[in-house]
Amino acid sequence: MSDNSVTVVDIEVSKRDAKAAAARVVEFLVDRGIVQKQLTKCILAQDKKGHAPGPNYAKASGKVYPQIVELAVNGLEVCIGREVFTAFENGLAVKCPKCKHETADPDDAFMDAAGQWHLGDDDVQYACPKCGKSQKLVLWDGPFPWGFGNVGFTFWNWPDLKPAFVREVAKVLGHDVRVVRAHL
């Protein structure tokens, strides 16, 4: 069986503030019954625990998915630390923040920029292959973007998240976010 995930990535939070930002979001989700407070073995990572779906998990997606409680991998994984969140088998398809041109499988320059970001360059830019305008890498969105951030919230095997829910999480964070949909 394959697994899917939807990750909400804070693209602005500093490394120093990531832990506090993560705690605010977890508290928000627990208070609303979207996830359970207790950590359990419900995520894909073998060495970590996550938050299992709460009784109101459907508030995040707008869809009731009763089978979710039967899955071994069904929880929220909170990722703290500098990370590139990829779409795995979904590939990479991004949209220029300026001209809105969509690029599937960007060139090596995108991968080089991703590597520079991972090594600590928060301001690394990528130039659109169509309009030529350079924009900060973290601003690139699209059908299958990657997320670059110091904190991410990965919902394993949940239905897609409602845009209104993602906006609520962004509001709790006080920052812009990217949504990364991955398939393994």
# chains A, B, ... in the order shown; residues from 1 in each chain; ligands from 1
call {"tool": "select_by_dssp", "arguments": {"residues": "range 6-178 of chain A", "states": "helix (DSSP H, G or I)", "output": "number ranges by chain"}}
result
A: 18-31, 58-61, 66-70, 108-118, 137-139, 163-173
call {"tool": "write_last_selection", "arguments": {"atoms": "C-alpha atoms", "output": "PDB file, in the first residue's frame"}}
result
ATOM      1  CA  ALA A  18       9.969  27.287  14.894  1.00  0.00           C
ATOM      2  CA  LYS A  19       9.371  25.314  18.101  1.00  0.00           C
ATOM      3  CA  ALA A  20       7.021  27.949  19.550  1.00  0.00           C
ATOM      4  CA  ALA A  21       5.150  28.210  16.220  1.00  0.00           C
ATOM      5  CA  ALA A  22       4.715  24.439  16.118  1.00  0.00           C
ATOM      6  CA  ALA A  23       3.387  24.403  19.690  1.00  0.00           C
ATOM      7  CA  ARG A  24       0.779  27.080  18.828  1.00  0.00           C
ATOM      8  CA  VAL A  25      -0.532  25.069  15.885  1.00  0.00           C
ATOM      9  CA  VAL A  26      -0.652  21.791  17.816  1.00  0.00           C
ATOM     10  CA  GLU A  27      -2.560  23.520  20.624  1.00  0.00           C
ATOM     11  CA  PHE A  28      -4.972  24.988  18.045  1.00  0.00           C
ATOM     12  CA  LEU A  29      -5.561  21.544  16.489  1.00  0.00           C
ATOM     13  CA  VAL A  30      -5.951  19.758  19.840  1.00  0.00           C
ATOM     14  CA  ASP A  31      -8.339  22.418  21.185  1.00  0.00           C
ATOM     15  CA  ALA A  58     -13.091  16.203   9.309  1.00  0.00           C
ATOM     16  CA  LYS A  59     -12.988  19.939  10.140  1.00  0.00           C
ATOM     17  CA  ALA A  60      -9.593  19.997   8.420  1.00  0.00           C
ATOM     18  CA  SER A  61     -10.772  18.479   5.150  1.00  0.00           C
ATOM     19  CA  PRO A  66     -14.128   6.702   8.714  1.00  0.00           C
ATOM     20  CA  GLN A  67     -11.373   4.369   7.487  1.00  0.00           C
ATOM     21  CA  ILE A  68      -8.741   6.823   8.716  1.00  0.00           C
ATOM     22  CA  VAL A  69      -8.934   5.419  12.248  1.00  0.00           C
ATOM     23  CA  GLU A  70      -8.132   1.931  10.916  1.00  0.00           C
ATOM     24  CA  ASP A 108      18.840  22.141 -12.706  1.00  0.00           C
ATOM     25  CA  ALA A 109      18.906  25.770 -11.535  1.00  0.00           C
ATOM     26  CA  PHE A 110      15.852  25.050  -9.377  1.00  0.00           C
ATOM     27  CA  MET A 111      17.571  22.047  -7.797  1.00  0.00           C
ATOM     28  CA  ASP A 112      20.716  24.112  -7.234  1.00  0.00           C
ATOM     29  CA  ALA A 113      18.609  26.813  -5.536  1.00  0.00           C
ATOM     30  CA  ALA A 114      16.919  24.162  -3.370  1.00  0.00           C
ATOM     31  CA  GLY A 115      20.330  22.917  -2.308  1.00  0.00           C
ATOM     32  CA  GLN A 116      21.492  26.447  -1.485  1.00  0.00           C
ATOM     33  CA  TRP A 117      18.342  27.052   0.574  1.00  0.00           C
ATOM     34  CA  HIS A 118      18.881  23.795   2.474  1.00  0.00           C
ATOM     35  CA  LEU A 137      12.620  30.266  -3.950  1.00  0.00           C
ATOM     36  CA  VAL A 138      10.173  30.010  -1.036  1.00  0.00           C
ATOM     37  CA  LEU A 139       7.620  32.111  -2.966  1.00  0.00           C
ATOM     38  CA  PRO A 163      -8.308  26.009   1.809  1.00  0.00           C
ATOM     39  CA  ALA A 164     -10.164  27.675   4.722  1.00  0.00           C
ATOM     40  CA  PHE A 165      -8.451  25.310   7.178  1.00  0.00           C
ATOM     41  CA  VAL A 166      -5.032  26.053   5.654  1.00  0.00           C
ATOM     42  CA  ARG A 167      -5.760  29.796   6.040  1.00  0.00           C
ATOM     43  CA  GLU A 168      -6.635  29.208   9.719  1.00  0.00           C
ATOM     44  CA  VAL A 169      -3.301  27.455  10.291  1.00  0.00           C
ATOM     45  CA  ALA A 170      -1.492  30.294   8.496  1.00  0.00           C
ATOM     46  CA  LYS A 171      -3.287  32.785  10.743  1.00  0.00           C
ATOM     47  CA  VAL A 172      -2.200  30.886  13.878  1.00  0.00           C
ATOM     48  CA  LEU A 173       1.365  30.922  12.545  1.00  0.00           C
TER      49      LEU A 173
END
call {"tool": "select_by_dssp", "arguments": {"residues": "range 79-118 of chain A", "states": "strand (DSSP E or B)", "output": "ChimeraX atom specification"}}
result
/A:79-85,88,93-95,102-104
call {"tool": "residues_around", "arguments": {"residues": "Phe155 in chain A", "least_positions_apart": "4", "cutoff": "9 Å", "atoms": "only C-alpha atoms", "output": "ChimeraX atom specification"}}
result
/A:4-8,43,74-78,159,161
call {"tool": "residues_around", "arguments": {"residues": "Asp176 in chain A", "least_positions_apart": "3", "cutoff": "7 Å", "atoms": "only C-alpha atoms", "output": "list in words"}}
result
Asp10, Ile11, Glu12 and Ala170 of chain A
call {"tool": "closest_atom_pairs", "arguments": {"of": "range 49-105 of chain A", "to": "range 123-131 of chain A", "cutoff": "12 Å", "atoms": "only C-alpha atoms", "output": "Markdown table"}}
result
| residue | atom | partner | partner_atom | distance |
| --- | --- | --- | --- | --- |
| A:Val94 | CA | A:Cys128 | CA | 9.9 |
| A:Lys95 | CA | A:Cys128 | CA | 8.6 |
| A:Cys96 | CA | A:Cys128 | CA | 6.1 |
| A:Pro97 | CA | A:Cys128 | CA | 8.8 |
| A:Lys98 | CA | A:Cys131 | CA | 8.2 |
| A:Cys99 | CA | A:Cys131 | CA | 6.7 |
| A:Lys100 | CA | A:Cys128 | CA | 9.4 |
| A:His101 | CA | A:Lys130 | CA | 6.9 |
| A:Glu102 | CA | A:Lys130 | CA | 9.2 |
| A:Thr103 | CA | A:Pro129 | CA | 8.0 |
| A:Ala104 | CA | A:Pro129 | CA | 11.0 |
| A:Asp105 | CA | A:Pro129 | CA | 11.5 |
call {"tool": "atom_distance", "arguments": {"atom1": "CA of Thr86 in chain A", "atom2": "CA of Pro55 in chain A"}}
result
29.0 Å
call {"tool": "atom_distance", "arguments": {"atom1": "CA of Cys79 in chain A", "atom2": "CA of His183 in chain A"}}
result
17.5 Å
